[in-house]
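> Dropping the structure in here first, questions after.
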Amino acid sequence: MAQQLPIQQIRNIGIIAHIDAGKTTVTERVLYYTGKTYKIGEVHEGTAVMDWMAQERERGITITAAATTSFWSTKLQPAKYQINIIDTPGHIDFTAEVQRSLRVLDGAVVVFDGVAGVEPQSETVWHQADKFNVPRICFINKLDRIGADFEKSLNSILERLTARAVAMQIPIGLEERFEGIIDLLKNKEIRWTNEDGSKYDEKEISAERKAEVAKWRSKSIEKIVEQDDQLLHKYLSGENIEYEDLIKILRTATISGKIVPVFCGSALKNKGVQLLLDAVVHFLPSPIDIPPVKGYAPDNSETELERKADHNEPLCALAFKIASDPFVGTLTFFRVYSGVLKTGTALRNSTRAESERIGRIVRMHAQHREELTEVCAGDIAAAVGLKNTSTGDTLCDPMHQIVLEALSFPDPVISVAIEPKTKADLEKMGIALNKLAQEDPTFKTKTDIQTSQTIISGMGELHLEIIVDRMKREFNVQVAVGKPEVAYKETINKTCEVEGKYIRQTGGRGQYGHVRLKLEPLEKGAGFEFVNKIKGGKIPAEYIPWVEKGVKNAMEKGVLAGYPMVDIRSTLFDGSYHEVDSSNIAFQNAGRIALQDGARKADPTLLEPIMRLEVIVWEEFMGDVLGDLNSKRAKILNMTDRGKNKVIDSEVPLAEMFDYATILRSLTSGRASFTMEFSHYAEVPYNVREQILNGKIKKE
Ligand code: GDP
């Protein structure tokens, strides 16, 4: 059995970055130094997303596992620390994935490209991390690259992300002359003495650097001592501040988000990653440094419950990722927030009100899987072969139930039809799609009843492209892909009352269902509500769920163009029944008829997904980009300068954004980049709506 370290010695961290900043290389170096079990691999040149996917896969389980465990000790803190690295995706189309990893990690290392500094996606991820209050440290990578500029990168963090960033290190030399790092707190020069960067020397600051280092050092130290009155006093009276004291204050300030320490190096050249690991241990929180997890009782969402990160509390755990593993099958990654999860015990899946039993638990290391019999509070592992548990579900002690706040995933906003290229592809396609959908809650798949086509849906064009690529590479399934379609929705604008009757009297036993409903529009994103206000048994209680079922089924196909209806409250307030002829089916039909009729009367309308778009463009092309955005119904929210570039922040309907990468490239001769993510649903303007409805054959 694996030994469980004291909870203070656990770090659950994510390494987050803009794609290409070096997340994979940093992760790989971390696994190398902590395990020293395999050869340092190298990512070759190539920036396309698909290349990156392929490369990642070639490196096997190490990088792609949802959580990989490694161990580290520092000179200052020689105890054994367990670092669980939670995988975070590099591309913005996977916002939901980023969010769910942020939810289960306690701290993050944010990696930046030392040439480009802060990039648009780093900003998005940074703001998400703010939302989840994730304490962070920064690593400015690639200082060996031509054009690397530590100070400029640090300034871009200070200006665009946080004024709380404080330099812990500065580089000695840059680009091909990048030879080492100055540790500002220790006031030492650090140089690596062997090829793989596992050994280094610490030396006094050389005479020619003394003045510059002193300037940087006093700036950083001032920001640290400001956090503690006693230290500040000592500092101001000219006393020496102990290194250990600085580290202690920095830890508290990093965990509370008052300081974001900044480190630097070159992962590729094996410089700086070990010191970064020291920083993870010294500054990022352990599970007891963060607030207790919150949830509610399964039968009462009003009662808030709390669980402390303590082995003696009742068990609660969150399943945060389902992955298929080629060797052991389905793996459900979970984080234990409180108590101890043991194999062979009966658990409750409180989200689904079902029982669950865990037979096997594994911990993923860089090079092997370790079998565990128990996992304690604060730790992360994976269960093998769970039947009833999906992403976002809570597992808990059946005697002390709690439902943790669910992970929320947006519905897909874009769909395409796919068709298998050969009969062999057809046979494997279903399995591939099911596996992919199980892993990724923002990816959905269905069969169109009318055309028998398979439709896949996701969060953006790129998301679906990657799915199709994975089908080919991982499952050997080739498909032809149709034109992308926007996932419109329907709703109502007015309140109305409506009657639904399903009455058939054709000899023998008849059918009798009769309901009166009030339909009301709800705010955007509220979904569907059903309220029962039947009094005095006008409709017997047993039929009410059937009315609700009928209403719900009818919502799946809107009255304008067959898109799903959302954001409607239906209140059942009256109706009647027949002693002999009434049945479940009759009431279900009455509910359906009432909803359909009512929706027609209640000013039905079409909703479309709106994307948040950021375009970064050279000034001379700004006019062309703006002109094009205006023709795309964009709402310009903000225009700012970023160095020599202009940044246009806007909201644009997804329907206008197909193939935007190509359009933008040709408009600007490649002098622009953009990021786009789903923002919200909004009503389609009347003239556009007519075009959509006319161009589209009604689905019914
Ligand atoms: P990710 O997309 O963030 O995971 O980035 P990768 O780790 O795949 O790195 C992207 C590219 O940058 C690859 O070609 C790496 O070899 C390269 N790279 C990563 N770290 C460094 C570094 O420190 N210096 C240099 N020069 N290149 C690096």
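Chain lettering (A, B, ...) mirrors the order of the structure tokens, residue numbering begins at 1 for each chain separately, and ligand numbering begins at 1 in order of display.
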Please list as a ChimeraX atom specification every residue within 8 Å of A:Leu277, counting only C-alpha atoms and excluding residues in the same chain fewer than 3 positions away.
/A:30,72,273-274,280-281
> Using only C-alpha atoms, determine which residues lie at most 6 Å from stretch 462-479 of chain A, disregarding the query and same-chain residues fewer than 5 positions distant; provide the list as a PyMOL selection string.
chain A and resi 93+419-421+425
> Take the selection from the previous step and output its residues with N, CA and C atoms, as a JSON list (two decimals), in the first residue's frame.

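Contents of result12.json, as written:
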[["chain", "number", "residue", "atom", "x", "y", "z"],
["A", 93, "ASP", "N", -10.57, 26.86, -27.07],
["A", 93, "ASP", "CA", -11.83, 26.21, -27.39],
["A", 93, "ASP", "C", -12.26, 25.25, -26.29],
["A", 419, "GLU", "N", -19.80, 11.68, -41.94],
["A", 419, "GLU", "CA", -20.18, 10.44, -42.59],
["A", 419, "GLU", "C", -18.95, 9.54, -42.69],
["A", 420, "PRO", "N", -19.08, 8.28, -42.27],
["A", 420, "PRO", "CA", -17.92, 7.39, -42.34],
["A", 420, "PRO", "C", -17.52, 7.17, -43.81],
["A", 421, "LYS", "N", -16.20, 7.09, -44.05],
["A", 421, "LYS", "CA", -15.74, 6.93, -45.43],
["A", 421, "LYS", "C", -15.94, 5.51, -45.96],
["A", 425, "ASP", "N", -15.18, 1.93, -41.30],
["A", 425, "ASP", "CA", -15.22, 3.15, -40.49],
["A", 425, "ASP", "C", -16.56, 3.26, -39.77]]
> Write out as a PyMOL selection string all residues of stretch 319-485 of chain A that backbone DSSP assigns to strand (DSSP E or B).
chain A and resi 319-325+329-338+340-342+346-349+354-357+360-365+369-372+374-376+380-384+394-396+403-404+414-420+444-447+454-458+479-481+485
> Would you list, as an MDAnalysis selection string, the residues of stretch 534-635 of chain A that end up in alpha helix (DSSP H) under DSSP run on this structure's backbone?
chainID A and resid 544:555 584:601 622:631
> Neighbours of A:Tyr200 within 9 Å (only C-alpha atoms; same-chain residues fewer than 5 positions away dropped), as an MDAnalysis selection string?
chainID A and resid 190:194
> Which polymer residues have any atom within 8 Å of an atom of stretch 10-19 of chain A, counting only C-alpha atoms, with same-chain residues fewer than 6 positions away left out, as a ChimeraX atom specification?
/A:27,81-91,101-102,104-112,119-122,125,280-281,284-287,378-379
> For stretch 390-392 of chain A, please output as a PyMOL selection string all residues within 8 Å (counting only C-alpha atoms; exclusion window: fewer than 2 positions along the same chain).
chain A and resi 318-322+332+388+394+406-407+438+441
> Save the residues we just selected, N, CA and C atoms, as a compact mmCIF listing (two decimals), in the first residue's frame?

# COMPACT_ATOMS: atom_id res chain seq x y z
N LEU A 318 -14.87 14.49 -5.66
CA LEU A 318 -15.48 14.99 -6.90
C LEU A 318 -14.83 14.28 -8.09
N ALA A 319 -15.67 13.69 -8.95
CA ALA A 319 -15.15 13.08 -10.18
C ALA A 319 -14.98 14.21 -11.19
N PHE A 320 -13.75 14.45 -11.65
CA PHE A 320 -13.57 15.63 -12.51
C PHE A 320 -13.17 15.30 -13.93
N LYS A 321 -12.87 14.03 -14.20
CA LYS A 321 -12.49 13.72 -15.58
C LYS A 321 -12.62 12.23 -15.83
N ILE A 322 -13.24 11.89 -16.94
CA ILE A 322 -13.30 10.48 -17.33
C ILE A 322 -12.35 10.33 -18.51
N THR A 332 -11.82 7.03 -13.93
CA THR A 332 -12.53 8.20 -13.42
C THR A 332 -11.61 8.91 -12.44
N ASN A 388 -21.58 4.12 -12.75
CA ASN A 388 -22.65 5.13 -12.63
C ASN A 388 -22.17 6.56 -12.51
N THR A 394 -20.54 13.92 -7.43
CA THR A 394 -19.96 13.80 -6.10
C THR A 394 -20.07 12.36 -5.63
N ALA A 406 -21.92 21.49 -8.70
CA ALA A 406 -21.64 20.77 -9.94
C ALA A 406 -20.72 21.61 -10.82
N LEU A 407 -19.96 20.91 -11.66
CA LEU A 407 -19.18 21.63 -12.66
C LEU A 407 -20.19 22.02 -13.73
N GLN A 438 -17.83 10.69 -23.74
CA GLN A 438 -17.74 10.37 -22.32
C GLN A 438 -16.62 11.18 -21.65
N PRO A 441 -17.46 16.59 -21.69
CA PRO A 441 -18.87 16.92 -21.54
C PRO A 441 -19.35 18.05 -22.46
> Using only C-alpha atoms, which of A:Lys248, A:Lys131, A:Ile224, A:Asp201 sits nearest A:Leu76?
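Closest candidate: A:Lys248.
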> Taking only C-alpha atoms into account, which of A:Ala655, A:Ile288, A:Ala353, A:Leu305 comes nearest A:Tyr337?
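Of A:Ala655, A:Ile288, A:Ala353, A:Leu305, the one nearest A:Tyr337, counting only C-alpha atoms, is A:Ile288.
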> Can you tell me which residues surround stretch 208-222 of chain A at a distance of at most 6 Å, considering only C-alpha atoms, apart from same-chain residues fewer than 2 positions away, and format the answer as a list of chain:residue names?
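So the residues in contact are A:Val166, A:Leu184, A:Ser206, A:Ile224, A:Val225.
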> Excluding A:Lys258 and any residue of its chain fewer than 2 positions from it, enumerate the residues within 9 Å of it, using only C-alpha atoms, and give them as a list in words.
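Returned residues: Arg164, Ala165, Gln227, Thr252, Ala253, Thr254, Ile255, Ser256 and Val260 of chain A.
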> Would you mind telling me which residue in A:Cys376, A:Leu143, A:Val384, A:Leu426 lies nearest to ligand 1 when using only C-alpha atoms and all ligand atoms?
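Of the candidates, the smallest distance to ligand 1 is held by A:Leu143.
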> Report the distance between atom CA of A:Gln367 and atom CA of A:Tyr33 in Å, rounded to one decimal place.
13.0 Å
> What does the distance from atom CA of A:Arg352 to atom CA of A:Lys444 come to in Å, to one decimal?
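Separating atom CA of A:Arg352 from atom CA of A:Lys444 is a distance of 20.1 Å.
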> Using only C-alpha atoms and all ligand atoms, which of the listed residues (A:Gly257, A:Gly272, A:Pro135, A:Gly180) sits closest to ligand 1?
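So, comparing all the options, the nearest one is A:Gly272.
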